[in-house]
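Structure data follow from protein26.csv (CSV, C-alpha atoms (C1' of nucleotides)):
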```csv
chain,number,residue,atom,x,y,z
A,1,MET,CA,-16.1,6.1,43.8
A,2,ALA,CA,-14.2,4.4,41.0
A,3,GLU,CA,-16.7,1.6,41.0
A,4,THR,CA,-20.2,1.6,39.5
A,5,GLN,CA,-23.1,-0.3,40.9
A,6,GLY,CA,-22.0,-3.2,38.8
A,7,GLY,CA,-18.6,-3.1,40.4
A,8,GLU,CA,-17.0,-2.0,37.1
A,9,SER,CA,-14.2,0.5,37.3
A,10,LEU,CA,-14.8,3.7,35.5
A,11,LEU,CA,-11.1,4.8,35.6
A,12,PHE,CA,-11.0,4.3,31.8
A,13,LEU,CA,-13.2,7.3,31.4
A,14,THR,CA,-11.0,9.8,33.1
A,15,ASP,CA,-9.8,12.8,31.1
A,16,GLU,CA,-6.3,11.5,31.3
A,17,GLN,CA,-7.3,8.2,29.7
A,18,LEU,CA,-9.4,10.0,27.1
A,19,ARG,CA,-6.4,12.3,26.3
A,20,LYS,CA,-4.2,9.3,25.7
A,21,GLY,CA,-6.8,7.8,23.3
A,22,ILE,CA,-6.9,11.1,21.5
A,23,GLU,CA,-3.2,11.3,21.1
A,24,ALA,CA,-3.0,7.6,20.1
A,25,MET,CA,-5.5,8.3,17.3
A,26,PHE,CA,-3.4,11.2,16.1
A,27,PHE,CA,-0.1,9.3,16.0
A,28,ALA,CA,-1.7,6.1,14.7
A,29,TYR,CA,-3.4,7.8,11.8
A,30,ARG,CA,-0.1,9.2,10.7
A,31,GLY,CA,1.2,5.6,10.5
A,32,PHE,CA,-1.9,4.5,8.9
A,33,THR,CA,-1.5,6.8,5.9
A,34,ALA,CA,2.3,6.8,5.8
A,35,ASP,CA,2.9,3.8,3.5
A,36,PRO,CA,0.4,4.7,0.8
A,37,ASP,CA,1.5,8.3,0.9
A,38,ARG,CA,5.1,7.2,0.3
A,39,ILE,CA,4.1,5.1,-2.7
A,40,LEU,CA,2.0,7.9,-4.2
A,41,GLU,CA,4.5,10.6,-3.9
A,42,GLY,CA,6.3,10.9,-7.2
A,43,LYS,CA,3.3,9.2,-9.0
A,44,ASP,CA,1.4,12.5,-9.4
A,45,TYR,CA,-1.3,11.2,-7.1
A,46,GLY,CA,-2.2,11.9,-3.5
A,47,ARG,CA,-4.3,10.7,-0.7
A,48,ALA,CA,-7.5,11.8,-2.4
A,49,HIS,CA,-6.8,9.5,-5.3
A,50,HIS,CA,-6.1,6.6,-2.9
A,51,ARG,CA,-9.4,7.0,-1.3
A,52,ALA,CA,-11.3,7.1,-4.6
A,53,ILE,CA,-9.4,4.0,-5.8
A,54,HIS,CA,-10.0,2.2,-2.5
A,55,PHE,CA,-13.8,2.6,-2.6
A,56,ILE,CA,-14.2,2.0,-6.3
A,57,HIS,CA,-12.3,-1.2,-5.8
A,58,ARG,CA,-14.5,-2.0,-2.8
A,59,SER,CA,-17.7,-1.4,-4.7
A,60,PRO,CA,-17.2,-1.8,-8.4
A,61,GLY,CA,-19.8,-0.1,-10.5
A,62,THR,CA,-20.6,2.4,-7.7
A,63,THR,CA,-21.9,5.7,-8.9
A,64,VAL,CA,-20.4,9.2,-8.5
A,65,SER,CA,-23.1,10.3,-6.0
A,66,ASN,CA,-22.6,7.2,-3.9
A,67,LEU,CA,-18.9,7.9,-3.8
A,68,LEU,CA,-19.6,11.5,-2.8
A,69,LEU,CA,-21.7,10.2,0.2
A,70,ILE,CA,-18.9,7.9,1.3
A,71,LEU,CA,-16.0,10.3,0.9
A,72,GLY,CA,-17.8,13.4,2.2
A,73,VAL,CA,-16.3,15.9,-0.2
A,74,THR,CA,-17.9,18.1,-2.8
A,75,LYS,CA,-18.4,16.8,-6.3
A,76,GLN,CA,-16.0,19.4,-7.7
A,77,SER,CA,-13.3,18.1,-5.5
A,78,LEU,CA,-14.0,14.5,-6.3
A,79,ASN,CA,-14.4,15.3,-10.0
A,80,ARG,CA,-10.9,16.7,-10.2
A,81,VAL,CA,-9.5,13.5,-8.8
A,82,LEU,CA,-11.7,11.2,-10.9
A,83,ARG,CA,-10.9,13.1,-14.1
A,84,THR,CA,-7.2,12.5,-13.7
A,85,LEU,CA,-7.8,8.8,-12.8
A,86,ILE,CA,-10.0,8.4,-15.9
A,87,GLU,CA,-7.6,10.3,-18.2
A,88,ASP,CA,-4.7,8.2,-16.9
A,89,GLY,CA,-6.7,5.0,-17.6
A,90,LEU,CA,-6.9,3.8,-14.0
A,91,VAL,CA,-10.7,4.2,-13.8
A,92,ARG,CA,-13.4,3.5,-16.3
A,93,SER,CA,-16.6,5.5,-16.2
A,94,GLU,CA,-19.7,3.9,-17.8
A,95,LYS,CA,-23.0,5.5,-18.5
A,96,GLY,CA,-25.7,3.7,-16.5
A,97,LYS,CA,-28.0,1.4,-18.5
A,98,VAL,CA,-31.1,1.7,-16.3
A,99,ASP,CA,-30.4,5.4,-15.5
A,100,ALA,CA,-28.2,6.9,-18.0
A,101,ARG,CA,-27.5,10.0,-15.9
A,102,GLU,CA,-25.5,7.9,-13.5
A,103,ARG,CA,-21.8,7.0,-14.1
A,104,HIS,CA,-20.7,3.6,-12.9
A,105,LEU,CA,-17.1,3.5,-11.9
A,106,HIS,CA,-14.7,0.6,-12.3
A,107,LEU,CA,-11.0,0.1,-11.9
A,108,THR,CA,-9.2,-0.9,-15.1
A,109,ASP,CA,-6.4,-3.5,-15.0
A,110,LYS,CA,-3.9,-0.6,-14.5
A,111,GLY,CA,-6.1,0.7,-11.7
A,112,GLN,CA,-6.3,-2.7,-10.1
A,113,MET,CA,-2.5,-2.8,-10.1
A,114,LEU,CA,-2.1,0.4,-8.2
A,115,GLU,CA,-4.9,-0.5,-5.8
A,116,ARG,CA,-3.1,-3.7,-5.1
A,117,GLU,CA,0.2,-1.9,-4.4
A,118,LEU,CA,-1.4,0.6,-2.1
A,119,SER,CA,-3.6,-1.8,-0.2
A,120,ASP,CA,-0.8,-4.4,0.2
A,121,ALA,CA,1.3,-1.8,1.9
A,122,GLN,CA,-1.5,-0.6,4.1
A,123,ARG,CA,-2.6,-4.1,5.0
A,124,ALA,CA,1.0,-5.1,5.8
A,125,ARG,CA,1.1,-2.5,8.6
A,126,MET,CA,-2.3,-3.3,9.8
A,127,ARG,CA,-1.5,-7.0,9.8
A,128,ALA,CA,1.6,-6.4,11.9
A,129,ALA,CA,-0.4,-4.3,14.3
A,130,TYR,CA,-3.2,-6.8,14.6
A,131,ARG,CA,-0.7,-9.6,15.1
A,132,ALA,CA,1.1,-7.7,17.8
A,133,ALA,CA,-2.0,-6.8,19.7
A,134,GLY,CA,-4.0,-10.1,19.3
A,135,PRO,CA,-7.5,-10.9,18.4
A,136,GLN,CA,-9.2,-9.7,21.5
A,137,ALA,CA,-7.5,-6.3,21.2
A,138,VAL,CA,-8.6,-6.1,17.6
A,139,ALA,CA,-12.2,-6.7,18.5
A,140,GLY,CA,-12.0,-3.9,21.0
A,141,PHE,CA,-10.2,-1.6,18.5
A,142,ARG,CA,-13.1,-2.1,16.0
A,143,GLN,CA,-15.7,-1.6,18.7
A,144,VAL,CA,-14.3,1.7,19.8
A,145,LEU,CA,-13.8,3.0,16.3
A,146,GLU,CA,-17.3,2.1,15.3
A,147,ALA,CA,-18.6,4.0,18.4
A,148,MET,CA,-16.6,7.1,17.4
A,149,MET,CA,-18.2,7.4,14.0
A,150,ASP,CA,-20.9,9.8,13.1
A,151,PRO,CA,-24.2,7.9,12.7
A,152,GLU,CA,-24.3,8.8,9.0
A,153,MET,CA,-20.8,7.4,8.5
A,154,ARG,CA,-21.6,4.3,10.6
A,155,LYS,CA,-24.3,3.5,8.2
A,156,GLN,CA,-22.0,3.8,5.3
A,157,TYR,CA,-19.4,1.7,7.1
A,158,ASN,CA,-21.9,-1.0,7.8
A,159,ARG,CA,-23.3,-1.0,4.3
A,160,LEU,CA,-19.8,-1.7,3.1
A,161,LYS,CA,-19.1,-4.2,5.8
A,162,GLU,CA,-22.0,-6.4,5.0
A,163,GLY,CA,-23.2,-5.8,1.4
A,164,GLY,CA,-19.7,-5.9,-0.1
B,1,MET,CA,-5.7,-24.3,9.1
B,2,ALA,CA,-7.4,-21.5,10.9
B,3,GLU,CA,-5.7,-22.5,14.0
B,4,THR,CA,-2.1,-21.9,15.0
B,5,GLN,CA,0.1,-24.3,16.9
B,6,GLY,CA,-1.2,-22.6,20.1
B,7,GLY,CA,-4.8,-23.3,19.0
B,8,GLU,CA,-5.4,-19.6,18.5
B,9,SER,CA,-7.6,-18.6,15.5
B,10,LEU,CA,-5.9,-16.4,12.9
B,11,LEU,CA,-9.2,-15.5,11.2
B,12,PHE,CA,-8.7,-12.0,12.5
B,13,LEU,CA,-5.7,-11.6,10.1
B,14,THR,CA,-7.6,-12.2,6.9
B,15,ASP,CA,-7.5,-9.5,4.2
B,16,GLU,CA,-11.2,-9.1,4.8
B,17,GLN,CA,-10.8,-8.3,8.5
B,18,LEU,CA,-7.9,-6.0,7.7
B,19,ARG,CA,-10.0,-4.1,5.2
B,20,LYS,CA,-12.7,-3.6,7.7
B,21,GLY,CA,-10.1,-2.2,10.1
B,22,ILE,CA,-8.8,0.1,7.4
B,23,GLU,CA,-12.2,1.4,6.6
B,24,ALA,CA,-13.1,1.8,10.3
B,25,MET,CA,-10.0,3.9,10.8
B,26,PHE,CA,-11.0,6.1,7.9
B,27,PHE,CA,-14.6,6.7,9.0
B,28,ALA,CA,-13.7,7.0,12.7
B,29,TYR,CA,-11.0,9.6,12.1
B,30,ARG,CA,-13.6,11.7,10.4
B,31,GLY,CA,-15.7,11.6,13.5
B,32,PHE,CA,-12.6,12.2,15.6
B,33,THR,CA,-11.9,15.5,14.0
B,34,ALA,CA,-15.5,16.6,13.2
B,35,ASP,CA,-16.4,18.4,16.5
B,36,PRO,CA,-13.2,20.5,16.8
B,37,ASP,CA,-13.4,21.3,13.1
B,38,ARG,CA,-17.0,22.5,13.5
B,39,ILE,CA,-15.9,24.8,16.4
B,40,LEU,CA,-13.0,26.2,14.6
B,41,GLU,CA,-14.8,27.0,11.3
B,42,GLY,CA,-15.7,30.6,11.5
B,43,LYS,CA,-13.0,31.3,14.1
B,44,ASP,CA,-10.3,31.7,11.4
B,45,TYR,CA,-8.5,28.7,12.7
B,46,GLY,CA,-8.2,25.2,11.4
B,47,ARG,CA,-7.0,21.7,12.3
B,48,ALA,CA,-3.4,22.8,12.3
B,49,HIS,CA,-4.1,25.4,15.0
B,50,HIS,CA,-5.9,22.8,17.0
B,51,ARG,CA,-2.9,20.5,16.9
B,52,ALA,CA,-0.5,23.2,18.0
B,53,ILE,CA,-2.8,24.3,20.8
B,54,HIS,CA,-3.3,20.7,22.0
B,55,PHE,CA,0.4,19.9,22.3
B,56,ILE,CA,1.3,23.3,23.8
B,57,HIS,CA,-1.3,22.7,26.4
B,58,ARG,CA,-0.1,19.2,26.9
B,59,SER,CA,3.6,20.2,27.3
B,60,PRO,CA,3.6,23.8,28.5
B,61,GLY,CA,7.0,25.5,27.9
B,62,THR,CA,7.8,23.2,25.0
B,63,THR,CA,10.1,24.5,22.4
B,64,VAL,CA,9.4,25.1,18.7
B,65,SER,CA,11.7,22.3,17.6
B,66,ASN,CA,10.1,19.9,20.0
B,67,LEU,CA,6.7,20.8,18.6
B,68,LEU,CA,8.1,20.2,15.1
B,69,LEU,CA,9.2,16.7,16.0
B,70,ILE,CA,5.7,15.9,17.4
B,71,LEU,CA,3.7,17.4,14.6
B,72,GLY,CA,5.9,16.2,11.8
B,73,VAL,CA,5.6,19.3,9.7
B,74,THR,CA,8.1,21.9,8.4
B,75,LYS,CA,9.0,24.9,10.5
B,76,GLN,CA,7.6,27.2,7.8
B,77,SER,CA,4.3,25.4,8.1
B,78,LEU,CA,4.3,25.5,11.9
B,79,ASN,CA,5.5,29.0,12.0
B,80,ARG,CA,2.5,30.3,10.0
B,81,VAL,CA,0.2,28.7,12.5
B,82,LEU,CA,2.1,29.8,15.5
B,83,ARG,CA,2.5,33.4,14.3
B,84,THR,CA,-1.3,33.8,14.1
B,85,LEU,CA,-1.8,32.2,17.5
B,86,ILE,CA,0.8,34.6,19.1
B,87,GLU,CA,-0.6,37.6,17.3
B,88,ASP,CA,-4.1,36.8,18.4
B,89,GLY,CA,-2.9,36.4,22.0
B,90,LEU,CA,-3.6,32.7,22.4
B,91,VAL,CA,0.0,31.6,22.7
B,92,ARG,CA,2.9,33.3,24.5
B,93,SER,CA,6.5,32.7,23.3
B,94,GLU,CA,9.3,33.2,25.7
B,95,LYS,CA,13.0,33.4,25.1
B,96,GLY,CA,14.7,30.5,26.9
B,97,LYS,CA,16.7,31.3,30.0
B,98,VAL,CA,19.2,28.6,29.9
B,99,ASP,CA,19.4,28.6,26.1
B,100,ALA,CA,18.3,31.9,24.7
B,101,ARG,CA,18.0,30.5,21.2
B,102,GLU,CA,15.0,28.5,22.2
B,103,ARG,CA,11.4,29.8,22.4
B,104,HIS,CA,9.2,28.3,25.1
B,105,LEU,CA,5.6,28.2,24.3
B,106,HIS,CA,2.6,28.6,26.6
B,107,LEU,CA,-1.1,29.1,26.2
B,108,THR,CA,-2.4,32.4,27.5
B,109,ASP,CA,-5.7,32.4,29.4
B,110,LYS,CA,-7.5,33.1,26.1
B,111,GLY,CA,-5.6,30.1,24.7
B,112,GLN,CA,-6.6,27.9,27.6
B,113,MET,CA,-10.2,28.8,27.0
B,114,LEU,CA,-10.1,27.8,23.3
B,115,GLU,CA,-8.2,24.6,24.2
B,116,ARG,CA,-10.8,23.8,26.8
B,117,GLU,CA,-13.6,24.3,24.3
B,118,LEU,CA,-12.0,22.1,21.7
B,119,SER,CA,-10.9,19.3,24.0
B,120,ASP,CA,-14.2,19.2,25.8
B,121,ALA,CA,-15.9,18.5,22.5
B,122,GLN,CA,-13.4,15.9,21.4
B,123,ARG,CA,-13.4,14.2,24.8
B,124,ALA,CA,-17.2,14.1,24.8
B,125,ARG,CA,-17.2,12.0,21.7
B,126,MET,CA,-14.3,9.9,22.9
B,127,ARG,CA,-16.0,9.3,26.3
B,128,ALA,CA,-19.3,8.3,24.6
B,129,ALA,CA,-17.4,5.8,22.4
B,130,TYR,CA,-15.4,4.5,25.4
B,131,ARG,CA,-18.5,4.1,27.5
B,132,ALA,CA,-20.3,2.3,24.7
B,133,ALA,CA,-17.4,-0.1,24.0
B,134,GLY,CA,-16.3,-0.8,27.6
B,135,PRO,CA,-12.9,-0.9,29.3
B,136,GLN,CA,-11.7,-4.1,27.7
B,137,ALA,CA,-12.4,-2.8,24.2
B,138,VAL,CA,-10.7,0.4,25.1
B,139,ALA,CA,-7.5,-1.4,26.2
B,140,GLY,CA,-7.5,-3.3,22.8
B,141,PHE,CA,-8.2,-0.1,20.9
B,142,ARG,CA,-5.1,1.5,22.5
B,143,GLN,CA,-3.0,-1.5,21.9
B,144,VAL,CA,-3.7,-1.7,18.2
B,145,LEU,CA,-3.3,2.0,17.7
B,146,GLU,CA,0.1,1.9,19.4
B,147,ALA,CA,1.2,-1.0,17.3
B,148,MET,CA,0.2,0.9,14.1
B,149,MET,CA,2.5,3.9,14.9
B,150,ASP,CA,5.9,4.4,13.3
B,151,PRO,CA,8.6,3.7,15.9
B,152,GLU,CA,9.6,7.4,15.9
B,153,MET,CA,6.0,8.4,16.6
B,154,ARG,CA,5.6,5.7,19.2
B,155,LYS,CA,8.5,7.2,21.1
B,156,GLN,CA,6.9,10.7,21.0
B,157,TYR,CA,3.6,9.2,22.1
B,158,ASN,CA,5.2,7.4,25.0
B,159,ARG,CA,7.2,10.4,26.1
B,160,LEU,CA,4.0,12.3,26.3
B,161,LYS,CA,2.1,9.5,28.0
B,162,GLU,CA,4.5,9.1,30.8
B,163,GLY,CA,6.4,12.3,31.3
B,164,GLY,CA,3.3,14.5,31.1
C,1,DC,C1',-45.3,16.4,-24.8
C,2,DT,C1',-43.6,19.4,-21.7
C,3,DT,C1',-41.6,20.7,-17.8
C,4,DG,C1',-39.4,20.2,-13.3
C,5,DG,C1',-35.8,18.4,-10.9
C,6,DA,C1',-32.1,15.1,-10.2
C,7,DA,C1',-27.4,13.5,-11.7
C,8,DA,C1',-23.3,14.7,-13.6
C,9,DG,C1',-19.9,17.6,-15.3
C,10,DT,C1',-17.4,22.1,-15.8
C,11,DC,C1',-15.4,26.8,-15.0
C,12,DA,C1',-13.6,30.2,-11.9
C,13,DA,C1',-11.9,31.7,-7.7
C,14,DC,C1',-10.4,31.1,-3.3
C,15,DA,C1',-8.4,29.1,1.3
C,16,DA,C1',-5.9,26.0,4.3
C,17,DG,C1',-2.1,23.8,5.0
C,18,DG,C1',1.4,21.0,3.4
C,19,DC,C1',6.2,21.5,0.8
C,20,DT,C1',11.1,23.4,-0.9
C,21,DG,C1',14.7,26.8,-1.2
C,22,DA,C1',17.1,30.7,0.3
C,23,DC,C1',18.4,33.9,3.7
C,24,DG,C1',19.1,36.3,8.2
C,25,DT,C1',20.1,36.7,13.2
C,26,DA,C1',21.2,35.5,17.6
C,27,DA,C1',23.2,32.4,20.7
C,28,DA,C1',25.8,28.4,21.8
C,29,DT,C1',29.5,25.2,20.9
C,30,DT,C1',33.9,23.8,19.3
D,1,DA,C1',37.2,32.7,15.4
D,2,DA,C1',34.5,29.5,13.0
D,3,DT,C1',30.7,26.6,13.0
D,4,DT,C1',26.4,24.8,14.3
D,5,DT,C1',21.9,25.3,16.2
D,6,DA,C1',17.3,27.3,16.9
D,7,DC,C1',14.3,30.3,15.2
D,8,DG,C1',12.0,33.4,11.9
D,9,DT,C1',10.7,34.9,7.4
D,10,DC,C1',10.1,35.7,2.3
D,11,DA,C1',8.7,33.7,-2.0
D,12,DG,C1',6.7,30.3,-4.6
D,13,DC,C1',4.6,25.9,-5.4
D,14,DC,C1',1.1,21.8,-4.8
D,15,DT,C1',-2.9,19.2,-3.2
D,16,DT,C1',-7.2,19.1,-1.7
D,17,DG,C1',-10.8,21.1,0.2
D,18,DT,C1',-14.5,25.0,-0.4
D,19,DT,C1',-18.6,28.3,-3.0
D,20,DG,C1',-21.1,29.8,-6.7
D,21,DA,C1',-22.8,29.8,-11.3
D,22,DC,C1',-23.8,27.3,-15.2
D,23,DT,C1',-24.8,23.5,-18.8
D,24,DT,C1',-26.1,19.1,-20.4
D,25,DT,C1',-28.5,15.0,-20.0
D,26,DC,C1',-32.1,12.5,-18.7
D,27,DC,C1',-36.1,10.5,-15.9
D,28,DA,C1',-40.6,11.0,-14.4
D,29,DA,C1',-44.8,13.4,-13.4
D,30,DG,C1',-48.2,16.4,-14.9
```

Please rewrite the model in this file as structure tokens.
Amino acid sequence: MAETQGGESLLFLTDEQLRKGIEAMFFAYRGFTADPDRILEGKDYGRAHHRAIHFIHRSPGTTVSNLLLILGVTKQSLNRVLRTLIEDGLVRSEKGKVDARERHLHLTDKGQMLERELSDAQRARMRAAYRAAGPQAVAGFRQVLEAMMDPEMRKQYNRLKEGG
Amino acid sequence: MAETQGGESLLFLTDEQLRKGIEAMFFAYRGFTADPDRILEGKDYGRAHHRAIHFIHRSPGTTVSNLLLILGVTKQSLNRVLRTLIEDGLVRSEKGKVDARERHLHLTDKGQMLERELSDAQRARMRAAYRAAGPQAVAGFRQVLEAMMDPEMRKQYNRLKEGG
DNA sequence: CTTGGAAAGTCAACAAGGCTGACGTAAATT
DNA sequence: AATTTACGTCAGCCTTGTTGACTTTCCAAG
């Protein structure tokens, strides 16, 4: 009853196991965001700024609409964040040359510095977790996360993963 | 150079691999919350209510302070959420018998119904992801998430995991 | 060339859900 | 009796999300 035709146990699909996974996601996400949040508090920026900075760093020259797709927020919400980043000289917005309606976004040197500070902190935690769990666990971690995404988001994720 | 003394590859600790993990967390968490969010919108409740309901269901009779520890918010913030849940008859709050300062929280039948609806949706996605990834991947997923938590939160997580 | 529509930006108003600070009450502890 | 703990609440603030309405700029198709 706990074995499939292939002899593989299905005990990992019990409600109890699923609940543990759900709670693990909840607590782990808190850790995931804790370090950048700490750095940003007192700098006048928040998690929304971090996300924008991350993905602009990741895809320099990306457009506003592309960023909207990735972040899944309204343009009004993103615009508020982008405006402060541009005003503060962390992000540069360039009119597109082929299509002048588009704005191509880049981090300035100052923006790069903040990005570095934030991602160093976030990577340090991630690296410690990866090291503690080992390569095989990491592969499983990525597989499950990928399977949890909405198909739309999985597309975005894979576009970033490959065509970086 | 990519091999340790033990002959184990460390390529999984490159910045590139860590970045993929970070982005996977970001996109997956969106999926993780998407279904309950959809159910709650239009019901006058939000993610904060879901979290309270989840952990009250998980630990019936838990106190307000315990819930504060788990959720990591201020009592004012929690109270706003709890008050509406109690007013709407989803949660029952009982004066403690041994220590009458404490309030012990329980879901009412109505609360149980909403909890069921929410967790069914969240578990369905989780189950699909688990099934797609397989038991070994799931074990790795849990290991990495656990290693990502703050020690304080890991304690809470383990208390829940065992003493359920 | 004109016009339709896409891309971007802006204003206003609002809501959820965090936060701090201050205060009150009841009950337990010292 | 004094202090501490657990809880609740009022008031006010911030970030970050939302809608809706509107403008400007620009490409492209008619």

- Message: Using Å and a single decimal, report how far atom CA of A:His106 sits from atom CA of A:Ile56.
- Response: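 According to the coordinates, atom CA of A:Ile56 and atom CA of A:His106 are separated by 6.2 Å.
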
Test item: residues at most 12 Å from stretch 8-12 of chain C, all atoms listed in the file, excluding those fewer than 5 positions along its chain, as a ChimeraX atom specification: /A:63-65,68,75-80,82-83,93,95-96,99-104 /D:19-26

Practice problem: For C:DA16, list every protein, DNA or RNA residue within 10 Å, evaluated using only C-alpha atoms (C1' of nucleotides), and leave out those in the same chain fewer than 4 positions away; present the list as a list in words. | Solution: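 My list of contacting residues is Tyr45, Gly46, Arg47 and Ala48 of chain B; DT16, DG17 and DT18 of chain D.
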
Report the distance between atom CA of A:Val81 and atom CA of A:Ala34 in Å, rounded to one decimal place.
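So the answer is 19.9 Å.
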
Checklist line | Selected residue of minimal separation from A:Arg51 among B:Ala124, B:Gly31, B:Ile70, B:Phe26, counting only C-alpha atoms | finding: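 The answer is B:Phe26, which sits nearest to A:Arg51.
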
Atom-to-atom span, atom CA of A:Leu107 and atom CA of A:Asn66, Å
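Result for atom CA of A:Leu107 versus atom CA of A:Asn66: 15.8 Å, one decimal.
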
Expected answer as a PyMOL selection string: chain B residues within 6 Å of chain A, only C-alpha atoms:
chain B and resi 28+31+129+133+137+140-141+143-145+147-150

Open item on the list: Contacts from chain D to chain B, 8 Å maximum, all atoms listed in the file: show me the residue list as a list in words.
Closed with: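 Selected residues: DA6, DC7 and DG8 of chain D.
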
Determine which residues of chain C sit within 12 Å of chain B, taking into account all atoms listed in the file, and present them as a list in words.
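Filtering chain C at 12 Å from chain B with all atoms listed in the file gives DA15, DA16, DG17, DG18, DC19, DT20, DG21, DT25, DA26, DA27, DA28 and DT29 of chain C.
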
Of B:Ser59, B:Gly42, B:Arg159, B:His50, the one nearest to B:Leu118 when counting only C-alpha atoms is B:His50

Output: chain D of the preceding structure, restricted to C-alpha atoms (C1' of nucleotides), written as an mmCIF file, in the first residue's frame.
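Okay, out.cif is ready:
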```cif
data_model
loop_
_atom_site.group_PDB
_atom_site.id
_atom_site.type_symbol
_atom_site.label_atom_id
_atom_site.label_comp_id
_atom_site.auth_asym_id
_atom_site.auth_seq_id
_atom_site.Cartn_x
_atom_site.Cartn_y
_atom_site.Cartn_z
ATOM 1 C "C1'" DA D 1 2.835 45.062 48.165
ATOM 2 C "C1'" DA D 2 5.452 45.594 44.175
ATOM 3 C "C1'" DT D 3 6.813 43.906 39.904
ATOM 4 C "C1'" DT D 4 6.462 41.268 35.847
ATOM 5 C "C1'" DT D 5 3.935 38.880 32.311
ATOM 6 C "C1'" DA D 6 0.293 38.193 28.816
ATOM 7 C "C1'" DC D 7 -2.854 40.327 26.327
ATOM 8 C "C1'" DG D 8 -5.487 43.973 24.132
ATOM 9 C "C1'" DT D 9 -5.978 48.484 22.103
ATOM 10 C "C1'" DC D 10 -5.440 53.336 20.322
ATOM 11 C "C1'" DA D 11 -2.904 56.286 17.277
ATOM 12 C "C1'" DG D 12 0.151 57.065 13.752
ATOM 13 C "C1'" DC D 13 3.546 55.860 10.406
ATOM 14 C "C1'" DC D 14 5.868 53.229 6.323
ATOM 15 C "C1'" DT D 15 6.357 50.062 2.400
ATOM 16 C "C1'" DT D 16 4.483 47.948 -1.178
ATOM 17 C "C1'" DG D 17 0.889 46.298 -3.427
ATOM 18 C "C1'" DT D 18 -3.703 47.551 -5.981
ATOM 19 C "C1'" DT D 19 -7.265 50.429 -9.600
ATOM 20 C "C1'" DG D 20 -8.474 53.921 -12.539
ATOM 21 C "C1'" DA D 21 -7.708 57.794 -15.405
ATOM 22 C "C1'" DC D 22 -4.771 60.330 -18.128
ATOM 23 C "C1'" DT D 23 -0.666 62.043 -21.029
ATOM 24 C "C1'" DT D 24 3.311 61.691 -23.897
ATOM 25 C "C1'" DT D 25 6.023 59.402 -27.056
ATOM 26 C "C1'" DC D 26 6.652 56.653 -30.679
ATOM 27 C "C1'" DC D 27 6.223 52.682 -34.087
ATOM 28 C "C1'" DA D 28 3.763 50.759 -37.706
ATOM 29 C "C1'" DA D 29 -0.144 49.896 -40.662
ATOM 30 C "C1'" DG D 30 -3.540 51.785 -43.471
#
```
